[in-house]
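Data from final22.pdb: PDB, C-alpha atoms
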```pdb
ATOM      1  CA  MET A   1     -17.130 -35.479   3.111
ATOM      2  CA  SER A   2     -17.467 -34.359   6.724
ATOM      3  CA  ILE A   3     -15.967 -30.910   7.240
ATOM      4  CA  GLU A   4     -14.850 -29.564  10.585
ATOM      5  CA  GLU A   5     -16.681 -26.216  10.703
ATOM      6  CA  ASN A   6     -15.084 -24.411  13.630
ATOM      7  CA  LEU A   7     -11.534 -23.068  13.647
ATOM      8  CA  SER A   8     -10.148 -23.890  17.075
ATOM      9  CA  ILE A   9      -7.981 -21.472  19.017
ATOM     10  CA  SER A  10      -4.940 -23.715  18.562
ATOM     11  CA  GLU A  11      -5.542 -23.932  14.798
ATOM     12  CA  PHE A  12      -5.976 -20.173  14.576
ATOM     13  CA  LYS A  13      -2.656 -19.741  16.422
ATOM     14  CA  MET A  14      -0.967 -21.844  13.736
ATOM     15  CA  PHE A  15      -2.213 -19.565  10.971
ATOM     16  CA  GLN A  16      -1.362 -16.498  13.061
ATOM     17  CA  LYS A  17       2.225 -17.673  13.449
ATOM     18  CA  LEU A  18       2.581 -18.636   9.775
ATOM     19  CA  ILE A  19       1.333 -15.262   8.538
ATOM     20  CA  TYR A  20       3.431 -13.308  11.045
ATOM     21  CA  ASN A  21       6.660 -15.219  10.404
ATOM     22  CA  ASP A  22       6.399 -15.232   6.605
ATOM     23  CA  ILE A  23       4.573 -11.963   5.882
ATOM     24  CA  GLY A  24       4.890  -9.836   9.017
ATOM     25  CA  ILE A  25       1.161  -9.256   9.423
ATOM     26  CA  SER A  26      -0.024  -9.518  13.011
ATOM     27  CA  LEU A  27      -3.518 -10.997  13.157
ATOM     28  CA  ALA A  28      -5.452  -9.930  16.257
ATOM     29  CA  ASP A  29      -7.212 -12.650  18.243
ATOM     30  CA  HIS A  30     -10.622 -11.179  17.487
ATOM     31  CA  LYS A  31     -10.048 -11.939  13.781
ATOM     32  CA  ARG A  32     -10.549 -15.682  14.379
ATOM     33  CA  THR A  33     -14.171 -15.596  13.162
ATOM     34  CA  LEU A  34     -13.152 -13.687  10.030
ATOM     35  CA  VAL A  35     -10.339 -16.115   9.265
ATOM     36  CA  GLN A  36     -12.656 -19.064   9.887
ATOM     37  CA  SER A  37     -15.220 -17.786   7.373
ATOM     38  CA  ARG A  38     -12.512 -17.272   4.727
ATOM     39  CA  LEU A  39     -10.790 -20.595   5.279
ATOM     40  CA  ARG A  40     -13.971 -22.651   5.460
ATOM     41  CA  LYS A  41     -14.582 -21.863   1.772
ATOM     42  CA  TRP A  42     -11.104 -23.078   0.912
ATOM     43  CA  ILE A  43     -11.604 -26.365   2.749
ATOM     44  CA  ARG A  44     -14.635 -27.033   0.569
ATOM     45  CA  GLU A  45     -12.957 -25.877  -2.655
ATOM     46  CA  PHE A  46      -9.868 -28.039  -2.093
ATOM     47  CA  GLU A  47     -11.973 -30.928  -0.744
ATOM     48  CA  LEU A  48     -10.071 -31.089   2.528
ATOM     49  CA  ALA A  49     -11.287 -32.554   5.821
ATOM     50  CA  ASN A  50     -10.187 -29.890   8.271
ATOM     51  CA  TYR A  51      -8.138 -26.737   8.930
ATOM     52  CA  GLN A  52      -5.024 -28.760   9.784
ATOM     53  CA  GLU A  53      -4.938 -30.165   6.257
ATOM     54  CA  LEU A  54      -5.386 -26.661   4.832
ATOM     55  CA  TYR A  55      -2.575 -25.313   7.010
ATOM     56  CA  GLU A  56      -0.227 -28.042   5.773
ATOM     57  CA  LYS A  57      -1.217 -27.351   2.167
ATOM     58  CA  ILE A  58      -0.387 -23.634   2.556
ATOM     59  CA  ALA A  59       2.798 -24.189   4.595
ATOM     60  CA  ASN A  60       4.130 -26.757   2.117
ATOM     61  CA  ASP A  61       3.472 -24.645  -0.975
ATOM     62  CA  ASN A  62       7.005 -23.680  -2.012
ATOM     63  CA  SER A  63       5.745 -21.141  -4.557
ATOM     64  CA  GLY A  64       4.263 -18.983  -1.797
ATOM     65  CA  GLN A  65       1.137 -18.387  -3.882
ATOM     66  CA  MET A  66      -1.178 -20.092  -1.391
ATOM     67  CA  LEU A  67       0.120 -17.885   1.392
ATOM     68  CA  MET A  68      -0.416 -14.783  -0.728
ATOM     69  CA  MET A  69      -3.954 -15.912  -1.505
ATOM     70  CA  LEU A  70      -4.517 -16.234   2.228
ATOM     71  CA  VAL A  71      -3.188 -12.732   2.894
ATOM     72  CA  ASN A  72      -5.418 -11.305   0.154
ATOM     73  CA  ALA A  73      -8.399 -13.064   1.687
ATOM     74  CA  ILE A  74      -7.942 -11.690   5.203
ATOM     75  CA  THR A  75      -6.742  -8.158   4.441
ATOM     76  CA  THR A  76      -8.764  -5.385   2.890
ATOM     77  CA  ASN A  77      -7.514  -3.727  -0.294
ATOM     78  CA  VAL A  78      -9.791  -0.726   0.081
ATOM     79  CA  THR A  79      -8.440   2.402  -1.554
ATOM     80  CA  SER A  80      -9.621   5.275  -3.690
ATOM     81  CA  PHE A  81      -8.321   8.169  -5.728
ATOM     82  CA  PHE A  82      -7.212  11.206  -3.685
ATOM     83  CA  ARG A  83      -7.990   9.464  -0.416
ATOM     84  CA  GLU A  84      -7.613  11.557   2.769
ATOM     85  CA  GLU A  85      -8.203  14.997   1.314
ATOM     86  CA  SER A  86      -6.398  16.966   4.033
ATOM     87  CA  GLN A  87      -3.078  15.359   3.042
ATOM     88  CA  TRP A  88      -3.404  16.589  -0.530
ATOM     89  CA  ILE A  89      -4.214  20.079   0.731
ATOM     90  CA  TYR A  90      -1.090  19.960   2.901
ATOM     91  CA  LEU A  91       1.011  18.781  -0.035
ATOM     92  CA  GLN A  92      -0.288  21.578  -2.235
ATOM     93  CA  ASN A  93       0.584  24.157   0.415
ATOM     94  CA  ASN A  94       4.112  22.791   0.916
ATOM     95  CA  LEU A  95       5.259  21.857  -2.590
ATOM     96  CA  THR A  96       8.118  24.346  -2.706
ATOM     97  CA  GLU A  97       9.466  23.245   0.682
ATOM     98  CA  ILE A  98       9.314  19.501   0.062
ATOM     99  CA  PHE A  99      10.641  19.452  -3.492
ATOM    100  CA  ASP A 100      13.909  20.886  -4.818
ATOM    101  CA  ILE A 101      12.801  23.683  -7.140
ATOM    102  CA  LYS A 102      16.361  24.158  -8.395
ATOM    103  CA  ASN A 103      17.182  20.570  -9.386
ATOM    104  CA  LYS A 104      13.602  19.689 -10.342
ATOM    105  CA  ARG A 105      13.954  16.062  -9.290
ATOM    106  CA  ILE A 106      11.200  14.142  -7.486
ATOM    107  CA  ARG A 107      11.270  10.587  -6.144
ATOM    108  CA  ILE A 108       8.213   9.248  -4.330
ATOM    109  CA  TRP A 109       7.489   5.785  -2.951
ATOM    110  CA  SER A 110       3.928   4.512  -2.668
ATOM    111  CA  ALA A 111       4.834   1.732  -0.266
ATOM    112  CA  ALA A 112       1.505  -0.119  -0.113
ATOM    113  CA  CYS A 113      -0.046   0.903  -3.388
ATOM    114  CA  SER A 114      -2.773  -1.763  -3.563
ATOM    115  CA  SER A 115      -4.654  -1.450  -6.888
ATOM    116  CA  GLY A 116      -2.813   1.698  -7.971
ATOM    117  CA  GLN A 117      -5.122   4.598  -7.112
ATOM    118  CA  GLU A 118      -2.538   6.189  -4.824
ATOM    119  CA  PRO A 119       0.445   6.426  -7.229
ATOM    120  CA  TYR A 120      -1.790   7.551 -10.087
ATOM    121  CA  SER A 121      -3.316  10.186  -7.793
ATOM    122  CA  ILE A 122       0.184  11.434  -6.976
ATOM    123  CA  ILE A 123       1.119  11.982 -10.613
ATOM    124  CA  ILE A 124      -2.210  13.584 -11.490
ATOM    125  CA  PHE A 125      -1.824  15.876  -8.489
ATOM    126  CA  LEU A 126       1.687  16.904  -9.533
ATOM    127  CA  LYS A 127       0.597  17.558 -13.121
ATOM    128  CA  GLU A 128      -2.170  19.784 -11.817
ATOM    129  CA  HIS A 129      -0.178  21.720  -9.209
ATOM    130  CA  LEU A 130       3.533  21.617 -10.049
ATOM    131  CA  LYS A 131       4.745  24.607 -12.015
ATOM    132  CA  ASN A 132       6.457  23.671 -15.302
ATOM    133  CA  PHE A 133       5.683  19.997 -14.727
ATOM    134  CA  ASP A 134       7.325  18.828 -17.966
ATOM    135  CA  GLU A 135      10.685  20.236 -16.837
ATOM    136  CA  TRP A 136      10.793  17.933 -13.799
ATOM    137  CA  ASP A 137      12.467  14.532 -13.501
ATOM    138  CA  ILE A 138       9.762  12.527 -11.719
ATOM    139  CA  LYS A 139       9.576   8.850 -10.821
ATOM    140  CA  ILE A 140       7.030   7.084  -8.622
ATOM    141  CA  LEU A 141       7.871   3.672  -7.196
ATOM    142  CA  ALA A 142       4.699   1.764  -6.303
ATOM    143  CA  THR A 143       5.034  -1.498  -4.379
ATOM    144  CA  ASP A 144       2.729  -4.044  -2.833
ATOM    145  CA  ILE A 145       3.080  -7.531  -1.461
ATOM    146  CA  SER A 146       0.359  -8.953  -3.697
ATOM    147  CA  GLU A 147       1.217  -9.793  -7.308
ATOM    148  CA  GLU A 148      -2.489 -10.193  -8.058
ATOM    149  CA  ILE A 149      -3.391  -6.666  -6.947
ATOM    150  CA  LEU A 150      -0.383  -5.250  -8.815
ATOM    151  CA  LEU A 151      -1.721  -6.702 -12.069
ATOM    152  CA  LYS A 152      -4.819  -4.559 -11.651
ATOM    153  CA  ALA A 153      -2.692  -1.556 -10.699
ATOM    154  CA  THR A 154      -0.498  -1.943 -13.782
ATOM    155  CA  SER A 155      -3.522  -2.200 -16.067
ATOM    156  CA  GLY A 156      -4.832   1.131 -14.753
ATOM    157  CA  ILE A 157      -8.412   0.067 -15.474
ATOM    158  CA  TYR A 158     -11.124   1.105 -13.024
ATOM    159  CA  VAL A 159     -14.881   0.685 -13.030
ATOM    160  CA  LYS A 160     -17.187   3.632 -12.567
ATOM    161  CA  LYS A 161     -17.724   2.957  -8.853
ATOM    162  CA  GLU A 162     -13.972   3.119  -8.204
ATOM    163  CA  LEU A 163     -13.940   6.626  -9.686
ATOM    164  CA  GLU A 164     -16.764   8.049  -7.579
ATOM    165  CA  GLY A 165     -15.978  11.581  -6.460
ATOM    166  CA  MET A 166     -13.457  12.109  -9.253
ATOM    167  CA  PRO A 167     -13.993  15.597 -10.761
ATOM    168  CA  LYS A 168     -15.307  15.233 -14.302
ATOM    169  CA  ASN A 169     -12.589  17.449 -15.769
ATOM    170  CA  ILE A 170      -9.874  15.277 -14.179
ATOM    171  CA  LEU A 171     -11.548  12.098 -15.446
ATOM    172  CA  ILE A 172     -11.718  13.434 -18.996
ATOM    173  CA  LYS A 173      -8.177  14.799 -18.866
ATOM    174  CA  TYR A 174      -6.334  11.756 -17.522
ATOM    175  CA  PHE A 175      -8.498   8.720 -18.366
ATOM    176  CA  ASN A 176      -9.661   7.059 -21.561
ATOM    177  CA  GLY A 177     -13.053   5.431 -21.796
ATOM    178  CA  TYR A 178     -12.886   1.653 -21.684
ATOM    179  CA  LYS A 179     -15.457  -1.107 -22.149
ATOM    180  CA  ASP A 180     -18.475  -1.622 -19.854
ATOM    181  CA  GLU A 181     -18.405   1.860 -18.327
ATOM    182  CA  SER A 182     -14.843   1.477 -17.076
ATOM    183  CA  PHE A 183     -11.916   3.822 -17.607
ATOM    184  CA  MET A 184      -8.180   3.410 -18.182
ATOM    185  CA  VAL A 185      -5.443   5.716 -16.928
ATOM    186  CA  LYS A 186      -3.748   7.402 -19.881
ATOM    187  CA  ASP A 187      -0.189   6.419 -20.804
ATOM    188  CA  GLU A 188       1.014   9.950 -20.084
ATOM    189  CA  ILE A 189       0.287   9.192 -16.409
ATOM    190  CA  LYS A 190       1.337   5.540 -16.402
ATOM    191  CA  GLN A 191       4.820   6.341 -17.727
ATOM    192  CA  TYR A 192       5.841   7.913 -14.421
ATOM    193  CA  VAL A 193       4.942   4.901 -12.250
ATOM    194  CA  VAL A 194       6.972   1.714 -11.784
ATOM    195  CA  PHE A 195       5.144  -1.155 -10.060
ATOM    196  CA  ARG A 196       7.091  -3.804  -8.147
ATOM    197  CA  THR A 197       6.374  -6.478  -5.551
ATOM    198  CA  PHE A 198       7.957  -5.777  -2.168
ATOM    199  CA  ASN A 199       7.388  -7.114   1.331
ATOM    200  CA  LEU A 200       7.723  -4.224   3.798
ATOM    201  CA  VAL A 201       8.592  -6.598   6.646
ATOM    202  CA  THR A 202      10.929  -9.143   5.069
ATOM    203  CA  GLY A 203      12.084  -7.165   2.018
ATOM    204  CA  ASP A 204      15.688  -6.081   1.441
ATOM    205  CA  PHE A 205      15.773  -2.298   1.879
ATOM    206  CA  SER A 206      19.367  -2.157   0.631
ATOM    207  CA  ILE A 207      18.012  -2.327  -2.938
ATOM    208  CA  PHE A 208      16.968   1.320  -2.637
ATOM    209  CA  LYS A 209      19.981   3.319  -3.824
ATOM    210  CA  ASN A 210      18.418   6.786  -3.771
ATOM    211  CA  ASN A 211      16.481   8.732  -1.179
ATOM    212  CA  PHE A 212      12.830   9.693  -1.522
ATOM    213  CA  ASN A 213      11.190  13.094  -1.159
ATOM    214  CA  ILE A 214       8.015  11.439   0.122
ATOM    215  CA  VAL A 215       7.056   7.989   1.303
ATOM    216  CA  PHE A 216       3.356   7.181   1.320
ATOM    217  CA  CYS A 217       2.623   4.220   3.590
ATOM    218  CA  ARG A 218      -1.026   4.645   4.418
ATOM    219  CA  ASN A 219      -3.409   2.248   6.139
ATOM    220  CA  VAL A 220      -1.015  -0.670   6.255
ATOM    221  CA  MET A 221       0.543  -0.176   9.709
ATOM    222  CA  ILE A 222      -2.720  -1.407  11.229
ATOM    223  CA  TYR A 223      -1.737  -4.927  10.172
ATOM    224  CA  PHE A 224       1.622  -4.835  12.023
ATOM    225  CA  ASP A 225       2.469  -5.060  15.702
ATOM    226  CA  ARG A 226       4.238  -2.167  17.455
ATOM    227  CA  GLN A 227       7.722  -3.657  17.090
ATOM    228  CA  THR A 228       7.278  -4.214  13.355
ATOM    229  CA  GLN A 229       5.872  -0.704  12.933
ATOM    230  CA  ASN A 230       8.890   0.849  14.656
ATOM    231  CA  GLN A 231      11.317  -1.200  12.570
ATOM    232  CA  LEU A 232       9.575  -0.035   9.423
ATOM    233  CA  PHE A 233       9.659   3.616  10.475
ATOM    234  CA  GLU A 234      13.399   3.248  11.059
ATOM    235  CA  GLN A 235      13.860   1.818   7.569
ATOM    236  CA  PHE A 236      11.901   4.703   6.044
ATOM    237  CA  ALA A 237      14.063   7.206   7.952
ATOM    238  CA  LYS A 238      17.150   5.846   6.178
ATOM    239  CA  LEU A 239      15.511   6.574   2.818
ATOM    240  CA  LEU A 240      14.314  10.091   3.602
ATOM    241  CA  GLU A 241      16.122  13.428   3.755
ATOM    242  CA  LYS A 242      15.653  16.355   6.144
ATOM    243  CA  LYS A 243      12.937  18.019   4.077
ATOM    244  CA  SER A 244      11.227  14.756   3.233
ATOM    245  CA  ARG A 245       7.793  13.692   4.421
ATOM    246  CA  LEU A 246       6.225  10.434   5.519
ATOM    247  CA  PHE A 247       2.471  10.136   4.950
ATOM    248  CA  ILE A 248       0.603   7.480   6.929
ATOM    249  CA  GLY A 249      -3.085   6.753   7.424
ATOM    250  CA  HIS A 250      -5.296   8.997   9.548
ATOM    251  CA  SER A 251      -5.900   6.163  12.004
ATOM    252  CA  GLU A 252      -2.169   5.520  12.386
ATOM    253  CA  SER A 253       0.651   7.232  14.284
ATOM    254  CA  ILE A 254       4.323   6.925  15.150
ATOM    255  CA  HIS A 255       4.784   5.830  18.753
ATOM    256  CA  GLN A 256       8.563   5.642  19.015
ATOM    257  CA  LYS A 257      10.174   8.345  21.158
ATOM    258  CA  ASN A 258      13.589   8.759  19.560
ATOM    259  CA  TYR A 259      12.559  12.043  17.906
ATOM    260  CA  THR A 260      13.506  10.838  14.433
ATOM    261  CA  TYR A 261      10.271  12.284  13.103
ATOM    262  CA  LYS A 262       8.368  15.479  13.793
ATOM    263  CA  LEU A 263       4.593  15.579  13.380
ATOM    264  CA  VAL A 264       3.840  18.501  11.036
ATOM    265  CA  ALA A 265       0.158  17.779  10.298
ATOM    266  CA  PRO A 266      -2.280  14.990  11.171
ATOM    267  CA  SER A 267      -0.747  11.711   9.895
ATOM    268  CA  ILE A 268       2.158  13.590   8.188
ATOM    269  CA  TYR A 269       5.689  13.457   9.553
ATOM    270  CA  LYS A 270       8.900  15.271   8.693
ATOM    271  CA  LEU A 271      12.326  13.775   9.238
ATOM    272  CA  ASN A 272      14.204  15.696  11.951
TER     273      ASN A 272
END
```
Will you turn the file into C-alpha cells for me?
Amino acid sequence: MSIEENLSISEFKMFQKLIYNDIGISLADHKRTLVQSRLRKWIREFELANYQELYEKIANDNSGQMLMMLVNAITTNVTSFFREESQWIYLQNNLTEIFDIKNKRIRIWSAACSSGQEPYSIIIFLKEHLKNFDEWDIKILATDISEEILLKATSGIYVKKELEGMPKNILIKYFNGYKDESFMVKDEIKQYVVFRTFNLVTGDFSIFKNNFNIVFCRNVMIYFDRQTQNQLFEQFAKLLEKKSRLFIGHSESIHQKNYTYKLVAPSIYKLN
C-alpha cells in the first residue's frame, strides 16, 4: 500500500483544531514534525492510505479512546518523585501557615498527576513533616485526562529507574519490593489518594464541593494557550481559600493582571 509520508500544513491544522476543541491542548506549529512522526506509525498500523483517513478514524471514534491515544502520543508524561525540590522546601517552611493546625483537615488536588509520583510524594512528605500526622484528616485528589496513565498511577508500581534519587530510608519505609527490581507504594500511602479522570479544560468544576488547601498543577500549562491558562487559573481561584497555595511548574507563570494571586516564591502563588 502506498503511504503518504508527509503531513501537510492543512492536515496538521485539522489535527490541531480537533485536539484543541476536544481536549484544550494547543499544539504549536513547530510540533508538525513531531506529530507527523507519531501519526505515520498509526497509518501503517491501521493500514490506512493517508493522514486524512486517520483523521476521520479518530474524529469518528465515539468512544474517544483514539483521541486519548493521540494525546498520549504527542504529550510527554515525564514526572518523578519530589520533583522541583525548592517547592518542597517552601512547603516544609510554611506548613503551619498553609494548613489549619486547629481543625487538622487537609485537602490537596494534584490536578495533572500523570503516573502518580506527585500525589504519592505529597503524602510521603506530609507523613515525614507533619506533626501528629495520624490525627489529621487528609485526602488527596489526583486527576489526569488519560485513563491509561491513571491505571499505572493506581497500581503504584515503579521500576528502579523511576525511583532514582529517592533516599534509601524513604524507599524502605514507604515501598514494598516487587518483581523484576520494581517497587510498589505501600497501602498506608495509597489509602490517602483518590484517582479520577478529569479534563482541566472541558471538565465540570461544579463537581468540587469543598475548597482545597493546595492545588498542584505543574508542567501542564505549557500545553494550553494564554486564554485557556487564564480560564483555568480563574477556576482554581474558586476552589482555593485565602491561605491556600497554587503550585505550578518552574517554567510556567501566571500572566493575568487582576491581582487574584500573589507570587510568594518561584512558581508558587497565594490567593489574595
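The smallest atom-to-atom distance between Ser244 of chain A and any of A:Glu147, A:Glu97, A:Glu162, A:Asp61, using all atoms listed in the file, is found for A:Glu97.
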Would you write out, as a PDB file with C-alpha atoms, keeping the file's coordinate frame, every residue that the PyMOL selection byres ((chain A and resi 261) around 7) captures in this file?
```pdb
ATOM      1  CA  TYR A 259      12.559  12.043  17.906  1.00  0.00           C
ATOM      2  CA  THR A 260      13.506  10.838  14.433  1.00  0.00           C
ATOM      3  CA  LYS A 262       8.368  15.479  13.793  1.00  0.00           C
ATOM      4  CA  LEU A 263       4.593  15.579  13.380  1.00  0.00           C
ATOM      5  CA  TYR A 269       5.689  13.457   9.553  1.00  0.00           C
ATOM      6  CA  LYS A 270       8.900  15.271   8.693  1.00  0.00           C
ATOM      7  CA  LEU A 271      12.326  13.775   9.238  1.00  0.00           C
ATOM      8  CA  ASN A 272      14.204  15.696  11.951  1.00  0.00           C
TER       9      ASN A 272
END
```
Of the listed residues A:Gln235, A:Asn103, A:Ser80, A:Ser8, that which approaches Val215 of chain A most closely, counting only C-alpha atoms: A:Gln235
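For the file shown, the residue list from the PyMOL selection byres ((chain A and resi 139) around 8) reads Ile106, Arg107, Ile108, Asp137, Ile138, Ile140, Leu141, Tyr192, Val193 and Val194 of chain A.
Between atom CA of Gln16 of chain A and atom CA of His250 of chain A the separation is 26.0 Å.
Once Asp187 of chain A and its same-chain neighbours fewer than 5 positions away are set aside, A:Gly156, A:Tyr174, A:Phe175, A:Asn176, A:Tyr192 remain within 10 Å of it when counting all atoms listed in the file.
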